[in-house]
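Enquirer: So here's structure33.txt, just compact mmCIF, C-alpha atoms and all ligand atoms:
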# COMPACT_ATOMS: atom_id res chain seq x y z
CA MET A 31 126.86 133.36 105.96
CA ARG A 32 128.63 130.07 106.79
CA LEU A 33 126.43 129.10 109.71
CA PRO A 34 123.06 129.99 108.19
CA LEU A 35 124.00 127.75 105.27
CA LEU A 36 124.92 124.93 107.63
CA ALA A 37 121.57 125.41 109.38
CA LEU A 38 119.68 125.15 106.10
CA LEU A 39 121.64 122.05 105.13
CA ALA A 40 120.87 120.47 108.51
CA LYS A 41 117.24 120.55 107.44
CA GLU A 42 117.88 118.85 104.09
CA PRO A 43 120.59 118.52 101.46
CA ALA A 44 120.36 121.22 98.81
CA HIS A 45 122.19 122.78 95.90
CA GLY A 46 123.36 126.39 95.72
CA TYR A 47 120.27 127.93 94.15
CA GLU A 48 117.97 126.18 96.58
CA LEU A 49 119.97 127.65 99.47
CA LYS A 50 119.78 131.14 97.96
CA HIS A 51 116.01 130.84 97.55
CA ALA A 52 115.55 129.47 101.06
CA LEU A 53 117.43 132.45 102.52
CA GLU A 54 115.38 134.94 100.51
CA LYS A 55 112.09 133.27 101.30
CA THR A 56 112.78 133.11 105.02
CA PHE A 57 114.18 136.59 105.63
CA GLY A 58 112.45 138.58 102.90
CA SER A 59 113.96 141.69 101.40
CA ALA A 60 115.01 142.91 104.84
CA TYR A 61 118.06 140.73 104.60
CA PRO A 62 120.69 141.42 101.97
CA SER A 63 120.32 138.46 99.72
CA PRO A 64 123.71 136.93 98.88
CA ASN A 65 124.52 136.43 95.24
CA ILE A 66 124.91 132.92 93.97
CA GLY A 67 128.66 133.38 93.55
CA GLN A 68 129.08 134.17 97.24
CA ILE A 69 127.06 131.11 98.12
CA TYR A 70 129.21 128.80 96.02
CA VAL A 71 132.42 130.33 97.38
CA THR A 72 131.16 129.78 100.92
CA LEU A 73 130.07 126.22 100.15
CA GLY A 74 133.53 125.56 98.70
CA ARG A 75 135.16 126.75 101.90
CA LEU A 76 132.80 124.73 104.06
CA GLU A 77 133.64 121.70 101.97
CA LYS A 78 137.37 122.28 102.41
CA ASP A 79 136.88 122.55 106.17
CA GLY A 80 135.02 119.25 106.16
CA TYR A 81 131.67 120.69 107.24
CA VAL A 82 129.79 119.80 104.10
CA ARG A 83 130.26 117.35 101.29
CA ALA A 84 128.98 117.48 97.73
CA VAL A 85 127.63 114.78 95.48
CA ASP A 86 127.07 115.13 91.78
CA VAL A 87 123.51 114.41 90.79
CA GLU A 88 122.90 113.53 87.18
CA GLN A 89 120.16 115.41 85.41
CA SER A 90 118.63 114.55 82.08
CA ASN A 91 119.35 117.17 79.37
CA ARG A 92 121.28 119.34 81.80
CA PRO A 93 124.72 119.42 83.33
CA ASN A 94 125.09 117.60 86.65
CA LYS A 95 124.32 119.62 89.72
CA LYS A 96 126.13 119.48 93.00
CA VAL A 97 123.98 118.70 95.99
CA TYR A 98 125.51 119.54 99.36
CA TYR A 99 124.89 117.79 102.62
CA LEU A 100 126.03 118.31 106.20
CA THR A 101 128.81 116.18 107.73
CA ALA A 102 129.11 115.23 111.41
CA ALA A 103 131.74 117.96 111.83
CA GLY A 104 129.35 120.41 110.23
CA ARG A 105 126.58 119.46 112.62
CA GLU A 106 128.95 119.95 115.56
CA ALA A 107 129.96 123.41 114.33
CA LEU A 108 126.29 124.29 113.96
CA GLU A 109 125.48 123.07 117.48
CA ASN A 110 128.33 125.11 118.93
CA TRP A 111 127.06 128.19 117.11
CA VAL A 112 123.55 127.74 118.44
CA ASP A 113 124.73 127.04 121.99
CA GLU A 114 127.08 129.97 122.49
CA PRO A 115 125.77 133.41 123.49
CA THR A 116 125.67 135.93 120.66
CA GLU A 117 127.61 139.23 120.71
CA GLY A 118 125.66 142.21 122.11
CA PRO A 119 125.17 145.46 120.20
CA ARG A 120 128.12 147.47 119.01
CA VAL A 121 129.62 149.78 121.58
CA ARG A 122 132.23 151.22 119.32
CA ASP A 123 130.33 153.54 117.02
CA GLU A 124 131.99 155.24 114.12
CA PHE A 125 129.79 158.29 114.36
CA PHE A 126 130.74 158.69 118.01
CA MET A 127 134.43 158.72 117.05
CA LYS A 128 133.70 161.52 114.60
CA LEU A 129 131.66 163.41 117.14
CA VAL A 130 134.39 163.34 119.75
CA LEU A 131 137.38 163.80 117.49
CA ALA A 132 136.30 166.08 114.64
CA PRO A 133 135.75 169.24 116.73
CA LEU A 134 139.26 168.86 118.15
CA THR A 135 140.63 169.30 114.67
CA GLY A 136 138.31 172.16 113.76
CA ILE A 137 137.00 170.22 110.76
CA ALA A 138 133.38 170.30 111.88
CA ASP A 139 131.28 171.46 114.78
CA ARG A 140 129.29 169.04 116.84
CA MET A 141 125.89 170.60 116.30
CA ALA A 142 126.20 170.20 112.54
CA LEU A 143 127.40 166.60 112.90
CA VAL A 144 124.53 165.66 115.19
CA ASN A 145 121.95 167.34 112.99
CA ARG A 146 123.18 165.64 109.86
CA GLN A 147 123.29 162.27 111.58
CA ARG A 148 119.76 162.69 112.94
CA ARG A 149 118.41 163.41 109.49
CA HIS A 150 120.28 160.41 108.16
CA TYR A 151 118.86 158.07 110.82
CA LEU A 152 115.36 159.38 110.20
CA SER A 153 115.64 158.82 106.49
CA LEU A 154 116.85 155.27 107.15
CA MET A 155 113.80 154.87 109.36
CA ARG A 156 111.61 156.03 106.51
CA ASP A 157 113.20 153.40 104.25
CA LEU A 158 112.49 150.75 106.86
CA ASN A 159 108.87 151.94 107.07
CA GLU A 160 108.56 151.52 103.33
CA LEU A 161 110.27 148.17 103.42
CA ALA A 162 107.83 146.99 106.11
CA GLU A 163 104.89 148.12 103.98
CA GLN A 164 106.18 146.21 100.98
CA THR A 165 106.81 143.04 102.96
CA ASP A 166 104.27 140.23 102.86
CA PRO A 167 102.27 140.61 106.12
CA GLY A 168 102.47 136.84 106.54
CA ASN A 169 106.26 136.85 106.67
CA ARG A 170 106.72 137.21 110.42
CA VAL A 171 110.46 136.56 110.28
CA ALA A 172 111.11 139.39 107.82
CA LEU A 173 108.83 141.79 109.70
CA LEU A 174 110.48 141.04 113.03
CA LEU A 175 113.87 141.61 111.46
CA ILE A 176 112.71 145.03 110.24
CA GLU A 177 111.19 145.86 113.60
CA GLY A 178 114.48 144.95 115.26
CA ALA A 179 116.32 147.31 112.95
CA MET A 180 113.81 150.05 113.78
CA LEU A 181 114.27 149.60 117.51
CA HIS A 182 118.04 149.74 117.13
CA LEU A 183 117.72 152.89 115.08
CA GLN A 184 115.48 154.42 117.74
CA ALA A 185 118.12 153.65 120.36
CA ASP A 186 120.77 155.30 118.18
CA LEU A 187 118.59 158.41 117.93
CA ASP A 188 118.01 158.53 121.66
CA TRP A 189 121.73 158.25 122.19
CA LEU A 190 122.32 161.02 119.67
CA GLU A 191 120.02 163.23 121.70
CA ARG A 192 122.00 162.44 124.83
CA CYS A 193 125.24 163.33 123.04
CA GLN A 194 123.73 166.62 121.94
CA GLU A 195 122.70 167.41 125.50
CA GLU A 196 125.97 166.41 127.15
CA LEU A 197 128.69 167.48 124.74
CA PRO A 198 129.08 171.23 124.34
CA MET B 1357 93.60 183.49 102.03
CA THR B 1358 94.38 179.95 100.90
CA ASP B 1359 98.05 180.87 100.52
CA ALA B 1360 98.43 181.88 104.15
CA PRO B 1361 100.58 179.46 106.13
CA ALA B 1362 98.69 177.24 108.57
CA ILE B 1363 101.00 178.53 111.29
CA LYS B 1364 103.44 181.37 111.52
CA ALA B 1365 105.31 182.04 114.74
CA ILE B 1366 107.56 185.05 115.09
CA ASN B 1367 110.18 185.28 117.82
CA LEU B 1368 108.01 183.30 120.17
CA VAL B 1369 109.09 183.34 123.81
CA LYS B 1370 107.76 181.65 126.93
CA ILE B 1371 109.21 182.32 130.35
CA TYR B 1372 107.55 180.50 133.24
CA GLN B 1373 107.84 181.81 136.77
CA SER B 1374 108.74 179.04 139.17
CA GLY B 1375 108.98 180.13 142.81
CA GLY B 1376 109.98 183.63 141.76
CA VAL B 1377 112.66 182.26 139.43
CA PRO B 1378 112.18 182.79 135.69
CA VAL B 1379 112.34 179.56 133.67
CA PRO B 1380 112.85 180.30 129.97
CA ALA B 1381 111.17 177.35 128.23
CA VAL B 1382 110.95 178.73 124.69
CA ARG B 1383 113.56 181.27 123.66
CA GLY B 1384 112.78 182.99 120.40
CA ILE B 1385 111.27 180.56 117.93
CA ASP B 1386 110.49 181.47 114.33
CA MET B 1387 108.49 178.87 112.52
CA ARG B 1388 106.30 178.58 109.49
CA VAL B 1389 104.10 175.62 108.63
CA GLU B 1390 102.41 175.52 105.25
CA SER B 1391 98.88 174.32 104.81
CA GLY B 1392 98.92 170.55 104.29
CA GLU B 1393 102.41 170.16 105.67
CA PHE B 1394 103.37 167.51 108.27
CA VAL B 1395 106.01 168.79 110.69
CA ALA B 1396 107.54 166.70 113.48
CA ILE B 1397 109.10 168.39 116.50
CA MET B 1398 111.83 166.48 118.30
CA GLY B 1399 114.22 167.26 121.13
CA PRO B 1400 115.29 166.14 124.58
CA SER B 1401 113.00 166.21 127.59
CA GLY B 1402 112.58 169.76 128.84
CA SER B 1403 113.62 171.35 125.55
CA GLY B 1404 110.29 173.18 125.27
CA LYS B 1405 108.32 170.99 122.85
CA SER B 1406 105.08 170.85 124.86
CA THR B 1407 105.34 174.52 125.72
CA LEU B 1408 105.67 175.38 122.05
CA VAL B 1409 102.66 173.38 120.83
CA HIS B 1410 100.56 174.54 123.76
CA MET B 1411 101.25 178.13 122.76
CA LEU B 1412 100.45 177.34 119.13
CA GLY B 1413 97.10 175.95 120.27
CA GLY B 1414 96.38 178.83 122.63
CA LEU B 1415 96.55 176.58 125.68
CA ASP B 1416 99.47 178.46 127.19
CA VAL B 1417 99.93 182.23 126.99
CA ARG B 1418 103.05 183.41 125.21
CA THR B 1419 105.39 185.79 127.00
CA SER B 1420 106.24 187.62 123.78
CA GLY B 1421 106.21 187.14 120.04
CA GLU B 1422 103.46 186.58 117.51
CA ILE B 1423 101.33 183.60 116.47
CA TRP B 1424 99.35 183.57 113.26
CA ILE B 1425 96.93 180.75 112.48
CA ASP B 1426 95.67 180.50 108.92
CA GLY B 1427 96.57 184.11 108.24
CA THR B 1428 94.89 185.48 111.36
CA ARG B 1429 96.74 186.95 114.31
CA ALA B 1430 96.03 184.67 117.25
CA ASP B 1431 98.39 185.53 120.11
CA THR B 1432 96.30 188.58 121.00
CA LEU B 1433 93.07 186.58 121.30
CA SER B 1434 91.24 186.24 124.60
CA GLU B 1435 90.72 182.83 126.12
CA SER B 1436 87.26 182.59 124.59
CA GLY B 1437 88.61 183.80 121.26
CA TRP B 1438 91.10 180.93 121.33
CA ALA B 1439 88.37 178.48 122.32
CA LEU B 1440 86.36 179.51 119.29
CA LEU B 1441 89.39 179.29 117.00
CA ARG B 1442 90.20 175.81 118.26
CA ARG B 1443 86.63 174.65 117.82
CA GLN B 1444 86.69 175.83 114.23
CA LYS B 1445 90.18 174.92 113.15
CA VAL B 1446 92.40 173.09 115.58
CA GLY B 1447 92.44 169.54 116.95
CA PHE B 1448 94.73 169.04 119.93
CA VAL B 1449 96.14 165.79 121.36
CA PHE B 1450 97.59 166.30 124.82
CA GLN B 1451 100.62 164.47 126.12
CA PHE B 1452 98.38 163.34 128.99
CA PHE B 1453 95.09 162.78 127.13
CA ASN B 1454 92.59 165.05 129.02
CA LEU B 1455 89.52 162.99 128.19
CA VAL B 1456 86.19 163.88 129.77
CA ALA B 1457 85.95 161.35 132.61
CA ASN B 1458 82.18 161.01 132.91
CA MET B 1459 81.50 160.53 129.21
CA THR B 1460 81.86 157.35 127.18
CA VAL B 1461 84.62 156.95 124.63
CA ALA B 1462 82.07 157.41 121.83
CA ASP B 1463 80.75 160.66 123.32
CA ASN B 1464 84.28 161.97 123.94
CA VAL B 1465 85.03 161.54 120.25
CA GLU B 1466 81.71 162.88 118.95
CA LEU B 1467 81.59 165.94 121.18
CA PRO B 1468 83.97 168.20 119.21
CA ALA B 1469 82.19 167.41 115.96
CA LEU B 1470 78.80 168.18 117.53
CA LEU B 1471 80.16 171.41 119.02
CA GLY B 1472 81.47 172.21 115.57
CA GLY B 1473 77.91 172.06 114.24
CA VAL B 1474 78.01 168.73 112.42
CA SER B 1475 74.82 166.62 112.33
CA PRO B 1476 74.60 163.80 114.92
CA ARG B 1477 74.62 161.22 112.14
CA GLN B 1478 77.79 162.62 110.57
CA ALA B 1479 79.42 162.85 113.99
CA ARG B 1480 78.58 159.21 114.63
CA GLU B 1481 79.90 158.07 111.26
CA ARG B 1482 83.14 159.96 111.72
CA ARG B 1483 83.52 158.52 115.22
CA GLU B 1484 82.90 154.98 113.96
CA TYR B 1485 85.51 155.45 111.23
CA LEU B 1486 88.15 156.87 113.60
CA LEU B 1487 87.65 154.30 116.37
CA GLY B 1488 87.68 151.55 113.75
CA GLU B 1489 90.96 152.74 112.28
CA LEU B 1490 92.50 152.81 115.75
CA GLY B 1491 91.23 149.37 116.77
CA LEU B 1492 88.87 150.76 119.41
CA THR B 1493 85.44 149.88 118.08
CA GLU B 1494 84.74 147.52 120.97
CA ARG B 1495 85.65 150.17 123.54
CA ALA B 1496 83.14 152.78 122.36
CA ALA B 1497 80.81 152.38 125.34
CA ALA B 1498 83.57 152.35 127.96
CA ALA B 1499 84.49 155.23 130.25
CA PRO B 1500 88.03 156.63 129.92
CA ALA B 1501 88.98 155.31 133.36
CA GLN B 1502 88.30 151.77 132.13
CA LEU B 1503 90.89 152.10 129.36
CA SER B 1504 94.61 151.47 129.35
CA GLY B 1505 96.94 154.43 128.84
CA GLY B 1506 97.50 153.45 125.23
CA GLU B 1507 93.77 153.18 124.56
CA GLN B 1508 93.10 156.58 126.13
CA GLN B 1509 95.80 158.04 123.96
CA ARG B 1510 94.21 156.70 120.80
CA VAL B 1511 90.81 158.01 121.90
CA ALA B 1512 92.41 161.41 122.37
CA LEU B 1513 93.70 161.27 118.79
CA ALA B 1514 90.28 160.23 117.48
CA ARG B 1515 88.71 163.13 119.36
CA ALA B 1516 91.19 165.60 117.94
CA LEU B 1517 90.41 164.44 114.41
CA ALA B 1518 86.64 164.20 114.90
CA ASN B 1519 85.98 167.67 113.62
CA GLN B 1520 88.27 167.32 110.59
CA PRO B 1521 90.23 170.34 111.83
CA ARG B 1522 92.41 172.35 109.46
CA LEU B 1523 95.29 171.89 111.87
CA LEU B 1524 96.19 168.92 114.07
CA LEU B 1525 98.52 169.67 117.00
CA ALA B 1526 99.64 166.53 118.79
CA ASP B 1527 101.95 166.17 121.77
CA GLU B 1528 103.54 162.67 121.86
CA PRO B 1529 100.51 160.88 120.40
CA THR B 1530 102.30 157.53 120.52
CA GLY B 1531 104.11 157.98 123.83
CA ASN B 1532 102.17 155.18 125.54
CA LEU B 1533 101.70 152.80 122.64
CA ASP B 1534 103.37 149.52 121.88
CA SER B 1535 104.57 149.03 118.37
CA ARG B 1536 101.40 147.33 117.10
CA ASN B 1537 99.19 150.21 118.24
CA THR B 1538 101.72 152.72 117.01
CA LYS B 1539 101.27 151.17 113.59
CA ASP B 1540 97.51 151.92 113.67
CA VAL B 1541 98.21 155.53 114.63
CA LEU B 1542 100.82 155.87 111.89
CA ARG B 1543 98.41 154.52 109.31
CA LEU B 1544 95.69 156.96 110.38
CA LEU B 1545 98.08 159.91 110.42
CA SER B 1546 99.45 159.16 106.98
CA ASP B 1547 95.89 158.69 105.74
CA VAL B 1548 94.63 162.07 106.96
CA HIS B 1549 97.87 163.72 105.87
CA ARG B 1550 97.41 162.37 102.36
CA LYS B 1551 93.96 163.94 102.37
CA GLY B 1552 95.51 167.33 103.11
CA GLN B 1553 95.57 167.47 106.90
CA THR B 1554 98.15 169.88 108.33
CA ILE B 1555 99.96 168.17 111.21
CA VAL B 1556 102.37 169.51 113.81
CA LEU B 1557 103.38 166.72 116.10
CA VAL B 1558 105.81 166.38 118.98
CA THR B 1559 107.46 162.99 119.16
CA HIS B 1560 110.39 160.97 120.41
CA ASP B 1561 109.36 158.13 118.12
CA ALA B 1562 111.57 158.01 115.06
CA ARG B 1563 109.01 156.00 113.13
CA VAL B 1564 106.47 158.78 113.57
CA ALA B 1565 108.99 161.54 112.84
CA SER B 1566 110.23 159.80 109.71
CA MET B 1567 106.77 160.15 108.16
CA ALA B 1568 106.88 163.93 108.41
CA ASP B 1569 107.71 166.26 105.53
CA ARG B 1570 109.99 168.20 107.83
CA VAL B 1571 111.63 167.71 111.20
CA VAL B 1572 112.27 170.58 113.63
CA SER B 1573 114.72 169.86 116.45
CA LEU B 1574 114.65 171.83 119.68
CA LEU B 1575 117.36 172.20 122.26
CA ASP B 1576 117.02 174.46 125.31
CA GLY B 1577 114.00 176.24 123.89
CA GLN B 1578 115.55 177.03 120.53
CA ILE B 1579 115.42 175.49 117.08
CA VAL B 1580 118.76 173.88 116.27
CA ASP B 1581 117.73 172.12 113.08
CA ASP B 1582 114.84 172.46 110.66
CA GLY B 1583 114.59 170.71 107.35
CA ALA B 1584 113.20 168.00 105.11
CA LEU B 1585 114.63 164.53 105.49
CA PRO B 1586 117.07 163.71 102.75
CA ARG B 1587 115.79 161.25 100.18
CA THR B 1588 118.23 158.40 100.52
CA ARG B 1589 119.71 157.87 97.07
CA ARG B 1590 117.12 155.55 95.62
CA ARG B 1591 119.07 152.49 96.52
CA PRO B 1592 118.36 148.86 95.97
CA LEU B 1593 116.46 147.20 98.78
CA GLY B 1594 119.55 145.18 99.56
CA THR B 1595 121.16 148.32 100.92
CA VAL B 1596 118.30 148.92 103.28
CA GLY B 1597 118.94 145.36 104.28
CA ASP B 1598 122.49 146.28 105.19
CA VAL B 1599 121.03 148.36 108.00
CA VAL B 1600 119.35 145.26 109.26
CA GLU B 1601 122.53 143.30 109.00
CA LEU B 1602 124.67 145.96 110.66
CA ARG B 1603 122.34 146.58 113.51
CA GLY B 1604 120.37 143.37 113.87
N1 LIG C 1 104.00 175.26 134.27
C1 LIG C 1 105.32 175.36 134.35
N2 LIG C 1 105.93 176.10 135.28
C2 LIG C 1 107.27 176.22 135.35
N3 LIG C 1 108.11 175.61 134.49
C3 LIG C 1 107.57 174.86 133.52
C4 LIG C 1 106.16 174.68 133.40
N4 LIG C 1 105.93 173.88 132.34
C5 LIG C 1 107.12 173.56 131.82
N5 LIG C 1 108.12 174.15 132.53
C6 LIG C 1 109.56 174.05 132.25
O1 LIG C 1 109.78 174.48 130.92
C7 LIG C 1 110.76 173.66 130.28
C8 LIG C 1 110.18 173.06 129.03
O2 LIG C 1 109.12 172.15 129.37
P1 LIG C 1 108.28 171.36 128.31
O3 LIG C 1 107.19 170.66 129.03
O4 LIG C 1 107.89 172.27 127.21
O5 LIG C 1 109.36 170.31 127.77
P2 LIG C 1 109.21 169.11 126.72
O6 LIG C 1 110.21 169.36 125.66
O7 LIG C 1 107.79 168.95 126.34
O8 LIG C 1 109.69 167.85 127.59
P3 LIG C 1 109.15 166.32 127.58
O9 LIG C 1 109.84 165.65 126.43
O10 LIG C 1 109.64 165.78 128.90
O11 LIG C 1 107.66 166.33 127.49
C9 LIG C 1 111.20 172.65 131.32
O12 LIG C 1 112.38 173.14 131.91
C10 LIG C 1 110.07 172.64 132.30
O13 LIG C 1 110.53 172.33 133.59
MG MG C 2 106.34 167.48 126.68
Turn this file's structure into C-alpha cells for me.
Expert:
Amino acid sequence: MRLPLLALLAKEPAHGYELKHALEKTFGSAYPSPNIGQIYVTLGRLEKDGYVRAVDVEQSNRPNKKVYYLTAAGREALENWVDEPTEGPRVRDEFFMKLVLAPLTGIADRMALVNRQRRHYLSLMRDLNELAEQTDPGNRVALLLIEGAMLHLQADLDWLERCQEELP
Amino acid sequence: MTDAPAIKAINLVKIYQSGGVPVPAVRGIDMRVESGEFVAIMGPSGSGKSTLVHMLGGLDVRTSGEIWIDGTRADTLSESGWALLRRQKVGFVFQFFNLVANMTVADNVELPALLGGVSPRQARERREYLLGELGLTERAAAAPAQLSGGEQQRVALARALANQPRLLLADEPTGNLDSRNTKDVLRLLSDVHRKGQTIVLVTHDARVASMADRVVSLLDGQIVDDGALPRTRRRPLGTVGDVVELRG
C-alpha cells in the first residue's frame, strides 16, 4: 500500500481519512479497502523513511489533524516504482504443489483435487459476477479490475483442465 | 407430466467410425436435468461435449442408451419425429451457428417461431426483443454472411430462443464473443432462466458456467464431476477483493 499512498499524495496533500476515501472511490469494492489503522501505520513508516512529512493543521472545535505531503525523496521513490516493469503473474501455484505432491502421499487423489478446485474457481467467478453487477457502471477502474480478476481466473481454469488431461 | 425431468439420459454411448476405426466419443453417460434447471457442461477439447448435446437434441444418432425428453422416450424417434420434437420443445445453438444463408437476420430469428405456429406479429415482437437484448437491432436486415462471427453467434442464440422452447441446448454460445458481447448473452440467459427456461449449455467460459445451477465436467467421454457450485461462505466483499489483489 506504500506506493499507492505516495501516488495519491503526489496529487495533493491529504490526511489519513482522505486517503482511505480516495482509495475506495477509485477502486470500488473490488479492492480490499485498507482500514484506517493500516493507513496510519503505513504513513508513519513512510514518514520515518523520509518519503512523506506531516504538518499539524489546527481545526476549530476539534483536535488538530495531521496532513501529509510528499517529499522529494518520496517523489523519487514513486517515479522509480512507475518506471520499473511490474512482476508477471505467479508461476508458483499452491494448488499445483498440492496436485503434484498429495497423490504421492496417498492423502488425496488428483481427480478429487481438480474437481474441488474447479468448483471453487467457479464459485469465485460467480462472486465476481455479482460484484460486477453491484459496481457503479460509471466506475471504469473498478470494473476493469474485476474483469482482470475474471480473466486470470479463466486462465487458472484452463490450466486446471490441462492438468487434468496430462496428469494421470 | 410436469414432474418429468426435462432430460433424462441413461447409459448414453456414441461411437463414431473413423476410417474403419471406432472412436468412442461418449462412453456411458447418465444424466438428469430437471425442468427449469440450468446445467453447464465443461471439459477439454475432444471430451465429447458437442457429441453429447447433439445426441440430446436428436442431431446425432446415439450408439446405445436411452434419451427421454420431458418424460417421452426420444432416442427411438425417426429423423422426422425428432424434427417435430425440436420444433415443439427444443432450441439449439450450434457451435458453428448454421444460419440460413439466403435469409436476413430477422427472418432467421422469426422462422422457428412461425414454424411453431405463432402469429407473424408475435414472431416479430419476440424477434425485436431478442435482437435488442443482444445488441443486434441494427443488423436485422443483414444477411448472415455480412456479419462477424460474434454477431452470427448471437443471431443463432436469438433464433434458438425465438420459439420460447421448453429446453435450450447451446454449444459454446459465447465461443466467438468478446467480453462486452458475452455480457449481453449472459444477461439474456439469466433473464430467460429466471423466467423458467431449462438450459443445457456447453462452455469453456467460466463466467457463463458460473451462472449455472449445476456444472457437469466431462473427460474422455465420461462424467467426472457433477454438482452445484458451493455457495462461498457469505463473506464480506473485501474478501472477494482479495481475489483481485492476489491475481490482479
Ligand atoms: N463425425 C465424427 N466422426 C468421427 N469422430 C468424431 C466425429 N465427431 C467427433 N468425433 C470425435 O469424437 C470426440 C469428441 O468430439 P466432440 O466434438 O464431442 O468434442 P468436444 O468436447 O465438443 O470438443 P471441443 O471443445 O473441441 O468442441 C473427438 O475425439 C472427436 O474427434
Ligand atoms: Mg464441441
Enquirer: List all protein, DNA and RNA residues that have an atom no more than 7 Å from any atom of ligand LIG 1 (chain C), counting only C-alpha atoms and all ligand atoms, and report them as an mmCIF file with C-alpha atoms, in the coordinates of the input.
Expert:
data_model
loop_
_atom_site.group_PDB
_atom_site.id
_atom_site.type_symbol
_atom_site.label_atom_id
_atom_site.label_comp_id
_atom_site.auth_asym_id
_atom_site.auth_seq_id
_atom_site.Cartn_x
_atom_site.Cartn_y
_atom_site.Cartn_z
ATOM 1 C CA TYR B 1372 107.550 180.500 133.240
ATOM 2 C CA GLN B 1373 107.840 181.810 136.770
ATOM 3 C CA SER B 1374 108.740 179.040 139.170
ATOM 4 C CA VAL B 1379 112.340 179.560 133.670
ATOM 5 C CA PRO B 1380 112.850 180.300 129.970
ATOM 6 C CA ALA B 1381 111.170 177.350 128.230
ATOM 7 C CA GLY B 1399 114.220 167.260 121.130
ATOM 8 C CA PRO B 1400 115.290 166.140 124.580
ATOM 9 C CA SER B 1401 113.000 166.210 127.590
ATOM 10 C CA GLY B 1402 112.580 169.760 128.840
ATOM 11 C CA SER B 1403 113.620 171.350 125.550
ATOM 12 C CA GLY B 1404 110.290 173.180 125.270
ATOM 13 C CA LYS B 1405 108.320 170.990 122.850
ATOM 14 C CA SER B 1406 105.080 170.850 124.860
ATOM 15 C CA THR B 1407 105.340 174.520 125.720
ATOM 16 C CA LEU B 1408 105.670 175.380 122.050
#
Enquirer: Give me, as a CSV table (one decimal) with C-alpha atoms, in the coordinates of the input, the contact residues of chain A against chain B at a cut-off of 6 Å, counting all atoms listed in the file.
Expert:
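What follows is the written file part.csv:
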chain,number,residue,atom,x,y,z
A,60,ALA,CA,115.0,142.9,104.8
A,61,TYR,CA,118.1,140.7,104.6
A,62,PRO,CA,120.7,141.4,102.0
A,149,ARG,CA,118.4,163.4,109.5
A,152,LEU,CA,115.4,159.4,110.2
A,153,SER,CA,115.6,158.8,106.5
A,156,ARG,CA,111.6,156.0,106.5
A,179,ALA,CA,116.3,147.3,113.0
A,184,GLN,CA,115.5,154.4,117.7
Enquirer: Applying 12 Å and all atoms listed in the file, which residues near B:Arg1536 remain after dropping the ones on its own chain fewer than 3 positions away? List them as a list in words.
Expert: Leu173, Leu174 and Glu177 of chain A; Leu1490, Gly1491, Gly1506, Thr1530, Asn1532, Leu1533, Lys1539, Asp1540, Val1541, Leu1542 and Arg1543 of chain B
Enquirer: Write out as a PyMOL selection string which residues come within 7 Å of stretch 63-70 of chain A when counting all atoms listed in the file, dropping same-chain ones fewer than 4 positions away.
Expert: (chain A and resi 46-47+50+54+74) or (chain B and resi 1594)
Enquirer: Could those residues be written to a file, using C-alpha atoms, as a PDB file, keeping the file's coordinate frame?
Expert:
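Wrote out10.pdb, looks like this:
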ATOM      1  CA  GLY A  46     123.360 126.390  95.720  1.00  0.00           C
ATOM      2  CA  TYR A  47     120.270 127.930  94.150  1.00  0.00           C
ATOM      3  CA  LYS A  50     119.780 131.140  97.960  1.00  0.00           C
ATOM      4  CA  GLU A  54     115.380 134.940 100.510  1.00  0.00           C
ATOM      5  CA  GLY A  74     133.530 125.560  98.700  1.00  0.00           C
TER       6      GLY A  74
ATOM      7  CA  GLY B1594     119.550 145.180  99.560  1.00  0.00           C
TER       8      GLY B1594
END
Enquirer: Taking only C-alpha atoms into account, which of B:Gly1437, B:Gly1447, B:Gly1384, B:Gly1376 comes nearest B:Val1465?
Expert: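 Closest residue, counting only C-alpha atoms: B:Gly1447.
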Enquirer: Rounded to one decimal place, report the atom CA of B:Leu1545-atom CA of B:Glu1435 distance in Å.
Expert: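 A separation of 28.7 Å between them.
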Enquirer: For each of A:Arg75, A:Leu161, A:Phe126, A:Asp188, take the minimum atom-to-atom distance to A:Leu175, counting only C-alpha atoms, then give the residue where this is smallest.
Expert: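 Smallest separation from A:Leu175 among the options: A:Leu161.
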Enquirer: What is the atom CA of A:Arg105-atom CA of A:Met31 distance in Å, reported with one decimal?
Expert: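 These atoms are spaced 15.4 Å apart.
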Enquirer: What is the atom CA of B:Glu1466-atom CA of B:Ala1396 distance in Å, reported with one decimal?
Expert: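 Interatomic distance, atom CA of B:Glu1466 to atom CA of B:Ala1396: 26.7 Å.
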Enquirer: Take the point (88.1, 180.5, 117.4) as written in the file and pick out every residue within 12 Å of it, counting only C-alpha atoms; give the list as a count of residues only.
Expert: 25
Enquirer: Taking (130.6, 121.5, 103.4) in the file's own coordinates, collect the residues within 12 Å, counting all atoms listed in the file, and hand them back as a VMD selection string.
Expert: chain A and resid 32 to 33 35 to 40 43 to 46 69 to 85 96 to 105 107 to 108
Enquirer: For A:Phe57, which residue out of A:Glu106, A:Asp166, A:Glu160, A:Glu117 is the nearest one, using only C-alpha atoms?
Expert: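 Of A:Glu106, A:Asp166, A:Glu160, A:Glu117, the one nearest A:Phe57 is A:Asp166, counting only C-alpha atoms.
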